[in-house]
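Okay, final-v3.txt is below, compact mmCIF, C-alpha atoms:
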```txt
# COMPACT_ATOMS: atom_id res chain seq x y z
CA MET A 946 21.22 0.81 31.21
CA LEU A 947 21.40 1.00 27.40
CA LEU A 948 20.73 -2.74 27.15
CA ILE A 949 17.71 -2.47 29.47
CA LEU A 950 16.35 0.50 27.48
CA SER A 951 16.87 -1.37 24.21
CA LEU A 952 15.01 -4.42 25.51
CA PHE A 953 12.16 -2.20 26.78
CA LEU A 954 11.72 -0.44 23.43
CA SER A 955 11.87 -3.75 21.61
CA ALA A 956 9.13 -5.18 23.84
CA CYS A 957 6.91 -2.14 23.25
CA SER A 958 7.39 -2.40 19.51
CA SER A 959 6.56 -6.11 19.53
CA GLU A 960 3.40 -5.52 21.59
CA GLY A 961 2.20 -2.84 19.16
CA SER A 962 2.70 -5.10 16.18
CA SER A 963 0.89 -8.08 17.69
CA GLY A 964 -2.03 -5.82 18.68
CA GLY A 965 -2.49 -4.63 15.11
CA LYS A 966 -1.88 -0.99 16.03
CA SER A 967 -0.10 1.41 13.71
CA SER A 968 3.22 2.83 14.88
CA SER A 969 2.28 6.28 13.51
CA ASP A 970 0.12 8.87 15.22
CA GLU A 971 -2.60 8.53 12.56
CA ILE A 972 -5.23 5.98 11.56
CA LEU A 973 -5.67 5.96 7.78
CA VAL A 974 -9.32 5.77 6.71
CA GLY A 975 -10.11 5.24 3.05
CA VAL A 976 -12.97 7.18 1.46
CA LEU A 977 -14.44 5.91 -1.81
CA LEU A 978 -16.89 8.29 -3.49
CA PRO A 979 -17.78 9.88 -6.85
CA VAL A 980 -16.17 13.32 -6.66
CA THR A 981 -16.24 13.74 -10.46
CA GLY A 982 -18.88 12.87 -13.04
CA ASN A 983 -22.68 13.02 -13.00
CA ASN A 984 -22.96 12.02 -9.34
CA ALA A 985 -20.30 14.34 -7.95
CA THR A 986 -22.83 16.55 -6.12
CA ASP A 987 -23.89 13.75 -3.80
CA GLY A 988 -20.33 12.43 -3.57
CA LYS A 989 -18.97 15.77 -2.42
CA ASP A 990 -21.84 16.16 0.04
CA MET A 991 -21.00 12.80 1.57
CA LEU A 992 -17.34 13.75 1.75
CA ASN A 993 -18.23 17.03 3.49
CA ALA A 994 -20.09 15.12 6.19
CA MET A 995 -17.26 12.62 6.65
CA LYS A 996 -14.70 15.41 6.99
CA MET A 997 -16.93 17.13 9.53
CA ALA A 998 -17.23 13.95 11.59
CA ALA A 999 -13.49 13.21 11.44
CA GLU A 1000 -12.60 16.75 12.45
CA LYS A 1001 -14.89 16.58 15.47
CA ILE A 1002 -13.52 13.16 16.45
CA ASN A 1003 -9.94 14.44 16.16
CA ASN A 1004 -10.70 17.62 18.12
CA ASN A 1005 -12.04 15.43 20.91
CA GLY A 1006 -8.82 13.47 21.22
CA GLY A 1007 -9.03 11.15 18.24
CA VAL A 1008 -9.28 7.37 18.52
CA LEU A 1009 -6.90 5.18 20.51
CA GLY A 1010 -4.70 8.22 20.99
CA LYS A 1011 -4.43 8.82 17.23
CA LYS A 1012 -5.99 11.15 14.67
CA LEU A 1013 -8.15 9.92 11.82
CA LYS A 1014 -6.65 10.80 8.45
CA LEU A 1015 -8.95 10.51 5.44
CA GLU A 1016 -7.51 9.22 2.17
CA VAL A 1017 -10.03 10.17 -0.53
CA THR A 1018 -10.28 8.33 -3.84
CA ASP A 1019 -12.70 8.99 -6.71
CA ASP A 1020 -14.71 6.08 -8.11
CA ALA A 1021 -16.72 8.30 -10.52
CA CYS A 1022 -19.56 5.75 -10.14
CA ASP A 1023 -17.70 3.61 -12.64
CA PRO A 1024 -16.86 -0.05 -11.88
CA GLN A 1025 -13.40 0.01 -13.49
CA THR A 1026 -12.46 3.33 -11.90
CA ALA A 1027 -13.73 2.06 -8.55
CA THR A 1028 -11.59 -1.07 -8.78
CA THR A 1029 -8.49 1.02 -9.46
CA ALA A 1030 -9.37 3.39 -6.61
CA ALA A 1031 -9.96 0.47 -4.22
CA ASN A 1032 -6.60 -1.08 -5.08
CA LYS A 1033 -4.96 2.28 -4.43
CA LEU A 1034 -6.47 2.40 -0.93
CA VAL A 1035 -5.32 -1.17 -0.27
CA SER A 1036 -1.78 -0.22 -1.31
CA MET A 1037 -1.93 2.70 1.13
CA LYS A 1038 -2.74 0.22 3.91
CA VAL A 1039 -5.89 1.95 5.13
CA THR A 1040 -7.42 0.55 8.30
CA ALA A 1041 -10.99 0.74 6.99
CA VAL A 1042 -13.08 2.35 4.27
CA VAL A 1043 -16.21 4.50 4.51
CA GLY A 1044 -18.20 5.44 1.41
CA GLY A 1045 -19.95 3.73 -1.46
CA TYR A 1046 -22.53 5.79 -3.36
CA CYS A 1047 -23.28 3.89 -6.58
CA SER A 1048 -23.93 0.18 -6.14
CA GLY A 1049 -22.41 -0.55 -9.56
CA SER A 1050 -19.03 0.76 -8.42
CA THR A 1051 -19.31 -0.37 -4.80
CA LEU A 1052 -19.83 -4.00 -5.82
CA PRO A 1053 -16.38 -4.54 -7.41
CA ALA A 1054 -14.66 -2.27 -4.90
CA SER A 1055 -16.08 -4.24 -1.98
CA GLY A 1056 -14.55 -7.39 -3.48
CA VAL A 1057 -11.13 -5.74 -3.54
CA PHE A 1058 -11.46 -4.72 0.10
CA ASN A 1059 -12.77 -8.13 1.12
CA ASN A 1060 -9.79 -9.85 -0.52
CA ALA A 1061 -7.50 -7.50 1.39
CA ASN A 1062 -9.47 -8.09 4.63
CA ILE A 1063 -10.24 -4.38 5.01
CA PRO A 1064 -13.61 -3.52 6.62
CA MET A 1065 -15.90 -1.24 4.59
CA ILE A 1066 -18.87 0.74 5.94
CA VAL A 1067 -21.23 1.54 3.05
CA ALA A 1068 -23.17 4.74 3.67
CA ALA A 1069 -25.39 4.98 0.58
CA ALA A 1070 -25.20 2.12 -1.95
CA ASN A 1071 -28.02 -0.32 -1.22
CA SER A 1072 -28.36 -2.95 -3.93
CA SER A 1073 -29.47 -6.30 -2.54
CA GLU A 1074 -26.50 -7.76 -4.44
CA LEU A 1075 -24.10 -6.17 -1.94
CA PRO A 1076 -25.01 -8.25 1.13
CA ALA A 1077 -25.67 -11.27 -1.12
CA GLN A 1078 -21.90 -11.46 -1.69
CA GLY A 1079 -21.56 -12.72 1.88
CA TYR A 1080 -18.53 -10.58 2.71
CA GLU A 1081 -17.79 -10.46 6.44
CA SER A 1082 -15.90 -7.21 5.85
CA LEU A 1083 -18.90 -5.32 4.41
CA PHE A 1084 -21.35 -3.35 6.58
CA LEU A 1085 -24.32 -1.44 5.12
CA ILE A 1086 -25.96 1.40 7.06
CA ASN A 1087 -28.53 2.45 4.43
CA GLY A 1088 -31.75 0.49 3.93
CA LEU A 1089 -31.69 -2.06 1.12
CA VAL A 1090 -33.34 -1.94 -2.30
CA PRO A 1091 -36.21 -4.35 -1.45
CA ASP A 1092 -37.35 -2.02 1.36
CA GLN A 1093 -37.14 0.98 -0.94
CA ALA A 1094 -39.13 -0.78 -3.67
CA LYS A 1095 -41.84 -1.71 -1.17
CA THR A 1096 -42.02 1.88 0.07
CA GLY A 1097 -42.69 3.11 -3.47
CA ALA A 1098 -45.17 0.34 -4.30
CA ASP A 1099 -47.09 0.87 -1.06
CA TYR A 1100 -47.40 4.59 -1.81
CA PHE A 1101 -48.82 3.84 -5.27
CA LYS A 1102 -51.29 1.40 -3.73
CA ASP A 1103 -52.39 3.90 -1.07
CA LYS A 1104 -53.06 6.46 -3.82
CA GLY A 1105 -55.01 4.00 -5.96
CA ALA A 1106 -52.33 3.89 -8.65
CA LYS A 1107 -52.61 0.39 -10.13
CA ASN A 1108 -51.07 0.60 -13.63
CA ILE A 1109 -47.37 1.33 -13.24
CA VAL A 1110 -44.47 1.91 -15.64
CA ILE A 1111 -40.96 1.16 -14.37
CA ILE A 1112 -37.85 2.61 -16.05
CA HIS A 1113 -34.21 1.78 -15.23
CA ASP A 1114 -30.80 2.58 -16.72
CA ASN A 1115 -29.24 -0.91 -16.58
CA SER A 1116 -26.86 0.04 -13.76
CA ALA A 1117 -26.57 -2.51 -10.94
CA TYR A 1118 -28.56 -0.38 -8.49
CA ALA A 1119 -31.24 0.80 -10.90
CA LYS A 1120 -31.94 -2.63 -12.40
CA ASN A 1121 -32.02 -4.17 -8.94
CA LEU A 1122 -34.51 -1.57 -7.70
CA ALA A 1123 -36.62 -1.92 -10.86
CA ASP A 1124 -36.86 -5.70 -10.45
CA PHE A 1125 -37.93 -5.44 -6.82
CA ALA A 1126 -40.34 -2.60 -7.64
CA GLN A 1127 -42.06 -4.80 -10.21
CA LYS A 1128 -42.34 -7.58 -7.65
CA SER A 1129 -43.72 -5.23 -4.96
CA VAL A 1130 -46.26 -3.61 -7.30
CA GLU A 1131 -47.57 -7.02 -8.37
CA GLU A 1132 -47.68 -8.30 -4.78
CA ASN A 1133 -49.84 -5.27 -3.96
CA GLY A 1134 -52.31 -6.22 -6.70
CA GLY A 1135 -51.05 -3.67 -9.22
CA LYS A 1136 -49.91 -4.22 -12.79
CA VAL A 1137 -46.62 -3.26 -14.43
CA ILE A 1138 -47.76 -2.12 -17.89
CA GLY A 1139 -44.29 -1.07 -19.01
CA PHE A 1140 -40.75 -2.08 -18.03
CA GLU A 1141 -38.22 0.06 -19.94
CA ALA A 1142 -34.45 0.47 -20.03
CA ILE A 1143 -32.64 3.65 -21.05
CA ASN A 1144 -29.07 4.73 -21.73
CA PRO A 1145 -28.14 7.06 -18.81
CA GLU A 1146 -26.26 9.30 -21.27
CA GLU A 1147 -29.41 9.98 -23.31
CA LYS A 1148 -30.73 13.52 -23.53
CA ASP A 1149 -33.85 13.05 -25.63
CA PHE A 1150 -36.58 10.85 -24.18
CA GLY A 1151 -39.26 12.00 -26.62
CA SER A 1152 -40.04 8.60 -28.11
CA LEU A 1153 -40.17 6.99 -24.66
CA MET A 1154 -42.55 9.68 -23.40
CA THR A 1155 -44.79 9.17 -26.44
CA LYS A 1156 -44.93 5.47 -25.59
CA LEU A 1157 -45.70 6.22 -21.96
CA LYS A 1158 -48.49 8.60 -22.89
CA SER A 1159 -50.14 5.89 -24.98
CA LEU A 1160 -49.96 3.51 -21.99
CA ASN A 1161 -51.80 6.03 -19.78
CA PRO A 1162 -50.07 4.97 -16.51
CA ASP A 1163 -51.25 5.79 -13.01
CA GLY A 1164 -47.63 6.08 -11.94
CA THR A 1165 -44.12 5.96 -13.38
CA TYR A 1166 -41.11 4.92 -11.30
CA PHE A 1167 -37.61 5.80 -12.58
CA THR A 1168 -34.96 3.92 -10.63
CA GLY A 1169 -31.78 5.50 -12.08
CA TYR A 1170 -29.79 8.63 -11.28
CA TYR A 1171 -30.71 12.32 -11.31
CA ALA A 1172 -28.82 13.42 -14.45
CA ALA A 1173 -31.16 11.36 -16.63
CA GLY A 1174 -34.02 11.62 -14.14
CA GLY A 1175 -34.20 15.40 -14.36
CA LEU A 1176 -34.34 15.43 -18.16
CA MET A 1177 -36.88 12.60 -18.17
CA LEU A 1178 -39.11 14.40 -15.66
CA LYS A 1179 -39.04 17.61 -17.71
CA GLN A 1180 -40.03 15.76 -20.88
CA PHE A 1181 -42.62 13.68 -18.98
CA LYS A 1182 -44.39 16.91 -17.99
CA GLU A 1183 -43.97 18.53 -21.42
CA LYS A 1184 -45.51 15.49 -23.12
CA GLY A 1185 -48.41 15.46 -20.67
CA VAL A 1186 -47.99 11.86 -19.51
CA SER A 1187 -50.59 10.84 -16.93
CA GLY A 1188 -50.02 9.85 -13.33
CA PHE A 1189 -47.37 10.26 -10.65
CA PHE A 1190 -43.65 10.47 -11.43
CA MET A 1191 -41.50 8.83 -8.77
CA VAL A 1192 -37.73 8.30 -8.57
CA GLY A 1193 -35.44 6.25 -6.33
CA ASP A 1194 -32.82 7.61 -3.97
CA GLY A 1195 -30.20 7.70 -6.73
CA SER A 1196 -32.13 10.73 -7.99
CA TYR A 1197 -32.61 12.31 -4.56
CA SER A 1198 -30.63 15.48 -5.16
CA PRO A 1199 -31.37 19.19 -5.59
CA ASP A 1200 -29.80 18.74 -9.03
CA ILE A 1201 -32.89 16.90 -10.28
CA ILE A 1202 -34.99 19.98 -9.52
CA GLU A 1203 -32.48 22.23 -11.25
CA ILE A 1204 -32.26 19.99 -14.32
CA ALA A 1205 -36.02 19.53 -14.65
CA GLY A 1206 -36.89 23.10 -13.67
CA ALA A 1207 -38.94 24.01 -10.60
CA ASP A 1208 -42.28 23.89 -12.44
CA SER A 1209 -41.66 20.45 -13.94
CA ALA A 1210 -40.27 19.15 -10.66
CA ASP A 1211 -43.33 20.18 -8.67
CA GLY A 1212 -45.04 17.04 -7.38
CA LEU A 1213 -42.03 14.78 -7.97
CA LEU A 1214 -41.99 11.84 -5.55
CA VAL A 1215 -38.79 10.25 -4.19
CA THR A 1216 -38.26 7.05 -2.22
CA ALA A 1217 -35.30 7.85 0.01
CA THR A 1218 -33.80 8.30 3.41
CA PRO A 1219 -34.81 11.85 4.43
CA THR A 1220 -32.17 14.57 4.54
CA ALA A 1221 -31.07 15.81 7.95
CA ASN A 1222 -33.48 18.76 7.63
CA PHE A 1223 -36.36 16.32 8.21
CA ILE A 1224 -34.76 14.25 10.97
CA PRO A 1225 -35.83 15.08 14.55
CA GLY A 1226 -32.86 16.06 16.66
CA ALA A 1227 -30.60 16.86 13.70
CA ASP A 1228 -30.83 20.63 14.06
CA GLU A 1229 -27.31 21.01 15.45
CA PHE A 1230 -25.85 18.88 12.64
CA VAL A 1231 -27.63 20.98 10.01
CA LYS A 1232 -26.46 24.20 11.67
CA GLU A 1233 -22.83 23.03 11.83
CA TYR A 1234 -22.88 21.75 8.24
CA LYS A 1235 -24.22 25.06 6.92
CA SER A 1236 -21.72 27.03 8.99
CA LYS A 1237 -18.82 24.97 7.71
CA TYR A 1238 -19.84 24.81 4.05
CA ASN A 1239 -20.96 28.33 3.10
CA ASN A 1240 -24.62 27.92 4.10
CA LEU A 1241 -25.00 24.84 1.91
CA SER A 1242 -27.72 22.51 3.19
CA PRO A 1243 -26.72 18.91 3.92
CA GLY A 1244 -27.71 16.59 1.10
CA PRO A 1245 -29.47 13.21 0.95
CA PHE A 1246 -26.63 11.04 2.24
CA SER A 1247 -24.81 13.48 4.52
CA ALA A 1248 -26.35 12.17 7.76
CA LEU A 1249 -25.61 8.56 6.76
CA SER A 1250 -22.02 9.47 5.88
CA TYR A 1251 -21.57 11.31 9.16
CA ASN A 1252 -22.98 8.28 10.96
CA GLY A 1253 -20.64 5.97 9.07
CA MET A 1254 -17.51 7.81 10.17
CA ASN A 1255 -18.70 8.01 13.77
CA LEU A 1256 -19.61 4.31 13.74
CA LEU A 1257 -16.08 3.49 12.60
CA ALA A 1258 -14.58 5.55 15.43
CA ASP A 1259 -16.89 3.88 17.94
CA ALA A 1260 -15.97 0.40 16.68
CA LEU A 1261 -12.25 1.18 16.81
CA LYS A 1262 -12.61 2.25 20.43
CA ARG A 1263 -14.57 -0.87 21.34
CA ALA A 1264 -12.06 -3.07 19.53
CA ASN A 1265 -9.17 -1.21 21.20
CA SER A 1266 -7.22 -2.15 18.09
CA THR A 1267 -6.85 -1.32 14.41
CA SER A 1268 -6.48 -4.94 13.34
CA SER A 1269 -9.02 -6.03 10.71
CA GLU A 1270 -10.29 -9.02 12.67
CA ASP A 1271 -10.84 -7.02 15.86
CA LEU A 1272 -12.53 -4.20 13.95
CA LYS A 1273 -14.85 -6.53 12.00
CA LYS A 1274 -15.86 -8.21 15.26
CA ALA A 1275 -16.59 -4.86 16.90
CA LEU A 1276 -18.67 -3.68 13.94
CA LYS A 1277 -20.62 -6.93 13.86
CA GLU A 1278 -21.37 -6.63 17.58
CA THR A 1279 -22.65 -3.04 17.27
CA LYS A 1280 -25.77 -2.65 19.41
CA GLY A 1281 -27.94 0.44 19.71
CA PHE A 1282 -25.48 2.84 18.05
CA GLN A 1283 -27.37 6.13 17.94
CA GLY A 1284 -26.68 8.01 14.74
CA ILE A 1285 -28.52 10.93 13.20
CA GLY A 1286 -31.98 9.62 12.38
CA GLN A 1287 -31.16 5.95 12.93
CA VAL A 1288 -30.14 3.34 15.48
CA ILE A 1289 -27.56 1.03 13.91
CA GLU A 1290 -27.51 -2.70 14.54
CA PHE A 1291 -26.63 -5.37 12.00
CA ASN A 1292 -28.43 -8.56 11.01
CA ASP A 1293 -26.83 -11.76 9.74
CA GLN A 1294 -26.11 -10.11 6.38
CA ASN A 1295 -24.42 -7.07 7.99
CA SER A 1296 -27.26 -4.82 6.83
CA LEU A 1297 -29.75 -2.85 8.91
CA ASN A 1298 -32.39 -4.58 10.99
CA GLN A 1299 -34.90 -1.82 10.23
CA SER A 1300 -35.66 0.09 7.00
CA ASN A 1301 -35.23 3.86 6.98
CA PHE A 1302 -37.07 4.76 3.74
CA HIS A 1303 -39.77 7.39 3.32
CA VAL A 1304 -41.47 9.16 0.43
CA MET A 1305 -40.36 12.73 -0.24
CA LYS A 1306 -42.22 15.21 -2.45
CA VAL A 1307 -41.11 18.36 -4.25
CA VAL A 1308 -43.32 21.34 -3.41
CA ASN A 1309 -42.47 24.84 -4.67
CA GLY A 1310 -38.96 23.76 -5.65
CA GLU A 1311 -38.17 22.17 -2.28
CA PHE A 1312 -38.18 18.61 -0.94
CA THR A 1313 -40.81 17.94 1.70
CA LEU A 1314 -41.63 14.83 3.74
CA GLU A 1315 -44.67 13.23 2.12
CA LYS A 1316 -44.94 9.92 4.03
```

Turn this file's structure into C-alpha cells for me.
Amino acid sequence: MLLILSLFLSACSSEGSSGGKSSSDEILVGVLLPVTGNNATDGKDMLNAMKMAAEKINNNGGVLGKKLKLEVTDDACDPQTATTAANKLVSMKVTAVVGGYCSGSTLPASGVFNNANIPMIVAAANSSELPAQGYESLFLINGLVPDQAKTGADYFKDKGAKNIVIIHDNSAYAKNLADFAQKSVEENGGKVIGFEAINPEEKDFGSLMTKLKSLNPDGTYFTGYYAAGGLMLKQFKEKGVSGFFMVGDGSYSPDIIEIAGADSADGLLVTATPTANFIPGADEFVKEYKSKYNNLSPGPFSALSYNGMNLLADALKRANSTSSEDLKKALKETKGFQGIGQVIEFNDQNSLNQSNFHVMKVVNGEFTLEK
C-alpha cells in the first residue's frame, strides 16, 4: 500500500511539473510601477486597480484553483531602477508581470522579462519603441504613441491651429510622442514652428515662455510628464502665450491641475485614454473603487490596469497552465476580451488593433471629455 501511494504521489508531482503548474496554492504575479517619485500618483492608482481586480478574482475562486499573489516592485520611472526591479521579479519566479507606466523604464524592464521568458502585460506605457523590439512576451493594452500624436494633431487641425510648438523632456516616451506629433501636424498641413527640449527637473520656464510668446503659436503640445507640465502650464498662462496648451497622457493626472492651479489649468487639453468616469458601463467599477479607496476617484490608467489583471486571469484559465509558452500563446490568441472601455485583441506586434485615445479638457478644475 505504501509503495502504491508513493508511486501515485510521484506521478502527480511529475504531471504538475511537466504542465508548468506551481506546486503552491498561489500564482505569483509581478507588478512593476512607479510608487515613489514624480509619477507615484498614477503608479499608486494603477496599483489600486490591480489589487481590486486580484481581490475580486481571488474571491471568486482564483485561477486554476489558486490565488493570485501580487509582488509589487517600484521602478520610479527610472531605467536603472526598473532594471533592478525587473531582475528582482525574475528571481522571485513570477508567472507574469502587469504594469509599465513610463516607457523609459518599461523598455529595459521588458528586455529583462523577455530574456527570462516571462510574459508582460503593459497597461500604460505606449512608446512605439516597445512593440518595435519584437518581443513575443510583451503585450500592450494601451494605444500607441502614433495614434495619440494623430489625435492631438487632428484636434489642432479641426480648430484651425496651424502653427504649432512641440516641447518634450528627452524621455523615451516624450521624445517618441514629440517626433510623431511633428509628423502628424505636418501631414495635416500644419507647421511646427518650434521643437524644444527641457530638463524635467526644471522649475523655471521663463525664458522658454518668452521664446514661445515671440513665436505666437496657435497651439503648444507638451509631451512629457505632469510635474514639469503643471509648472509649464502655469508659466505659459502667466506669460500670456497665445493659443491652446495641450499635453500627452503622461500629464493626464489631477496633479497637473493642482500644480498649475485651477485658473491656469482651465482650458488645458489632454490626449489620453479617458478615465473610468467617462466610460459607458463603468459606473460599478467607479463606485467600487471609491468605496475601497476612501472616495478617491479612479485615475487615468486605473481601468487599463484593472483590465490588464483580468486579462491575465482570463489567459491563465484558457491556457490551463502557468507555463510561459502556454500563457504567451493564450494571450496572443485573445479575441474579443471585454474590458472596461475596450475590447482587447492583439495585432502582429502584440499591440491593440484599435486606438483608444480621445481629447480631454479641464473645465472648472475638472477633466471633461472634449472629443

Considering only C-alpha atoms, state which residue in the set A:Asn1087, A:Ser1269, A:Thr1096, A:Thr1165 is at the smallest distance from A:His1113.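 Distance minimum relative to A:His1113 lands on A:Thr1165.
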
Show me, as an mmCIF file with C-alpha atoms, keeping the file's coordinate frame, the residues that have an atom within 10 Å of A:Val1215 when counting only C-alpha atoms, minus same-chain residues fewer than 3 positions from it.
```cif
data_model
loop_
_atom_site.group_PDB
_atom_site.id
_atom_site.type_symbol
_atom_site.label_atom_id
_atom_site.label_comp_id
_atom_site.auth_asym_id
_atom_site.auth_seq_id
_atom_site.Cartn_x
_atom_site.Cartn_y
_atom_site.Cartn_z
ATOM 1 C CA GLN A 1093 -37.140 0.980 -0.940
ATOM 2 C CA THR A 1096 -42.020 1.880 0.070
ATOM 3 C CA GLY A 1097 -42.690 3.110 -3.470
ATOM 4 C CA TYR A 1166 -41.110 4.920 -11.300
ATOM 5 C CA PHE A 1167 -37.610 5.800 -12.580
ATOM 6 C CA THR A 1168 -34.960 3.920 -10.630
ATOM 7 C CA PHE A 1190 -43.650 10.470 -11.430
ATOM 8 C CA MET A 1191 -41.500 8.830 -8.770
ATOM 9 C CA VAL A 1192 -37.730 8.300 -8.570
ATOM 10 C CA GLY A 1193 -35.440 6.250 -6.330
ATOM 11 C CA ASP A 1194 -32.820 7.610 -3.970
ATOM 12 C CA GLY A 1195 -30.200 7.700 -6.730
ATOM 13 C CA SER A 1196 -32.130 10.730 -7.990
ATOM 14 C CA TYR A 1197 -32.610 12.310 -4.560
ATOM 15 C CA SER A 1198 -30.630 15.480 -5.160
ATOM 16 C CA GLY A 1212 -45.040 17.040 -7.380
ATOM 17 C CA THR A 1218 -33.800 8.300 3.410
ATOM 18 C CA PRO A 1219 -34.810 11.850 4.430
ATOM 19 C CA PHE A 1302 -37.070 4.760 3.740
ATOM 20 C CA HIS A 1303 -39.770 7.390 3.320
ATOM 21 C CA VAL A 1304 -41.470 9.160 0.430
ATOM 22 C CA MET A 1305 -40.360 12.730 -0.240
ATOM 23 C CA LYS A 1306 -42.220 15.210 -2.450
ATOM 24 C CA VAL A 1307 -41.110 18.360 -4.250
ATOM 25 C CA PHE A 1312 -38.180 18.610 -0.940
ATOM 26 C CA THR A 1313 -40.810 17.940 1.700
ATOM 27 C CA LEU A 1314 -41.630 14.830 3.740
ATOM 28 C CA GLU A 1315 -44.670 13.230 2.120
#
```

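Using all atoms listed in the file, the nearest neighbour of A:Asn1252 within the list A:Glu1233, A:Lys1120, A:Ala1210, A:Met991 is A:Met991.
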
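Closest to A:Asn993 among A:Val1288, A:Ala1098, A:Leu1249, A:Leu1214 is A:Leu1249, based on only C-alpha atoms.
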
Between atom CA of A:Leu1213 and atom CA of A:Ile1086, what distance in Å does the model show, to one decimal?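 Distance reported for this atom pair: 25.8 Å.
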
Which value, in Å to one decimal, gives the distance between atom CA of A:Ala1117 and atom CA of A:Asn1144?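 Atom CA of A:Ala1117 sits 13.2 Å away from atom CA of A:Asn1144.
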
Go ahead and compute the interatomic distance for atom CA of A:Phe1230 and atom CA of A:Ser1050, in Å to one decimal.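 Atom CA of A:Phe1230 sits 28.6 Å away from atom CA of A:Ser1050.
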
Identify the residues around (-6.4, 6.7, 13.5) within a radius of 9 Å, measuring from all atoms listed in the file in the coordinates stated by the file, and give them as a compact mmCIF listing (two decimals) with C-alpha atoms, in the frame of the given file.
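Wrote selection_24.txt, looks like this:
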```
# COMPACT_ATOMS: atom_id res chain seq x y z
CA SER A 967 -0.10 1.41 13.71
CA SER A 969 2.28 6.28 13.51
CA ASP A 970 0.12 8.87 15.22
CA GLU A 971 -2.60 8.53 12.56
CA ILE A 972 -5.23 5.98 11.56
CA LEU A 973 -5.67 5.96 7.78
CA VAL A 974 -9.32 5.77 6.71
CA ASN A 1003 -9.94 14.44 16.16
CA GLY A 1007 -9.03 11.15 18.24
CA VAL A 1008 -9.28 7.37 18.52
CA LEU A 1009 -6.90 5.18 20.51
CA GLY A 1010 -4.70 8.22 20.99
CA LYS A 1011 -4.43 8.82 17.23
CA LYS A 1012 -5.99 11.15 14.67
CA LEU A 1013 -8.15 9.92 11.82
CA LYS A 1014 -6.65 10.80 8.45
CA THR A 1040 -7.42 0.55 8.30
CA ALA A 1258 -14.58 5.55 15.43
CA LEU A 1261 -12.25 1.18 16.81
CA THR A 1267 -6.85 -1.32 14.41
```

Would you mind listing what lies within 8 Å of A:Lys1136 as number ranges by chain, with only C-alpha atoms counted and same-chain residues fewer than 6 positions away left out? A: 1107-1109, 1130

Where atoms are missing, can you supply N, CA and C atoms for stretch 1140-1155 of chain A and output the lot as an mmCIF file, in the frame of the given file?
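Result went into out.cif, see below:
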```
data_model
loop_
_atom_site.group_PDB
_atom_site.id
_atom_site.type_symbol
_atom_site.label_atom_id
_atom_site.label_comp_id
_atom_site.auth_asym_id
_atom_site.auth_seq_id
_atom_site.Cartn_x
_atom_site.Cartn_y
_atom_site.Cartn_z
ATOM 1 N N PHE A 1140 -42.024 -1.882 -18.732
ATOM 2 C CA PHE A 1140 -40.750 -2.080 -18.030
ATOM 3 C C PHE A 1140 -39.659 -1.727 -19.034
ATOM 4 N N GLU A 1141 -39.095 -0.509 -18.910
ATOM 5 C CA GLU A 1141 -38.220 0.060 -19.940
ATOM 6 C C GLU A 1141 -36.809 0.274 -19.423
ATOM 7 N N ALA A 1142 -35.849 0.176 -20.337
ATOM 8 C CA ALA A 1142 -34.450 0.470 -20.030
ATOM 9 C C ALA A 1142 -33.976 1.632 -20.896
ATOM 10 N N ILE A 1143 -33.184 2.516 -20.313
ATOM 11 C CA ILE A 1143 -32.640 3.650 -21.050
ATOM 12 C C ILE A 1143 -31.111 3.647 -20.970
ATOM 13 N N ASN A 1144 -30.499 4.421 -21.827
ATOM 14 C CA ASN A 1144 -29.070 4.730 -21.730
ATOM 15 C C ASN A 1144 -28.947 5.974 -20.854
ATOM 16 N N PRO A 1145 -28.217 5.906 -19.729
ATOM 17 C CA PRO A 1145 -28.140 7.060 -18.810
ATOM 18 C C PRO A 1145 -27.514 8.303 -19.431
ATOM 19 N N GLU A 1146 -26.857 8.146 -20.590
ATOM 20 C CA GLU A 1146 -26.260 9.300 -21.270
ATOM 21 C C GLU A 1146 -27.234 9.970 -22.236
ATOM 22 N N GLU A 1147 -28.419 9.405 -22.391
ATOM 23 C CA GLU A 1147 -29.410 9.980 -23.310
ATOM 24 C C GLU A 1147 -29.846 11.362 -22.854
ATOM 25 N N LYS A 1148 -30.209 12.184 -23.817
ATOM 26 C CA LYS A 1148 -30.730 13.520 -23.530
ATOM 27 C C LYS A 1148 -32.175 13.684 -24.008
ATOM 28 N N ASP A 1149 -32.528 12.938 -25.026
ATOM 29 C CA ASP A 1149 -33.850 13.050 -25.630
ATOM 30 C C ASP A 1149 -34.672 11.794 -25.342
ATOM 31 N N PHE A 1150 -35.708 11.960 -24.534
ATOM 32 C CA PHE A 1150 -36.580 10.850 -24.180
ATOM 33 C C PHE A 1150 -37.954 10.991 -24.839
ATOM 34 N N GLY A 1151 -37.998 11.718 -25.946
ATOM 35 C CA GLY A 1151 -39.260 12.000 -26.620
ATOM 36 C C GLY A 1151 -40.027 10.759 -27.028
ATOM 37 N N SER A 1152 -39.355 9.805 -27.651
ATOM 38 C CA SER A 1152 -40.040 8.600 -28.110
ATOM 39 C C SER A 1152 -40.535 7.767 -26.933
ATOM 40 N N LEU A 1153 -39.754 7.726 -25.852
ATOM 41 C CA LEU A 1153 -40.170 6.990 -24.660
ATOM 42 C C LEU A 1153 -41.400 7.646 -24.037
ATOM 43 N N MET A 1154 -41.409 8.980 -23.985
ATOM 44 C CA MET A 1154 -42.550 9.680 -23.400
ATOM 45 C C MET A 1154 -43.811 9.493 -24.244
ATOM 46 N N THR A 1155 -43.644 9.434 -25.559
ATOM 47 C CA THR A 1155 -44.790 9.170 -26.440
ATOM 48 C C THR A 1155 -45.370 7.787 -26.138
#
```
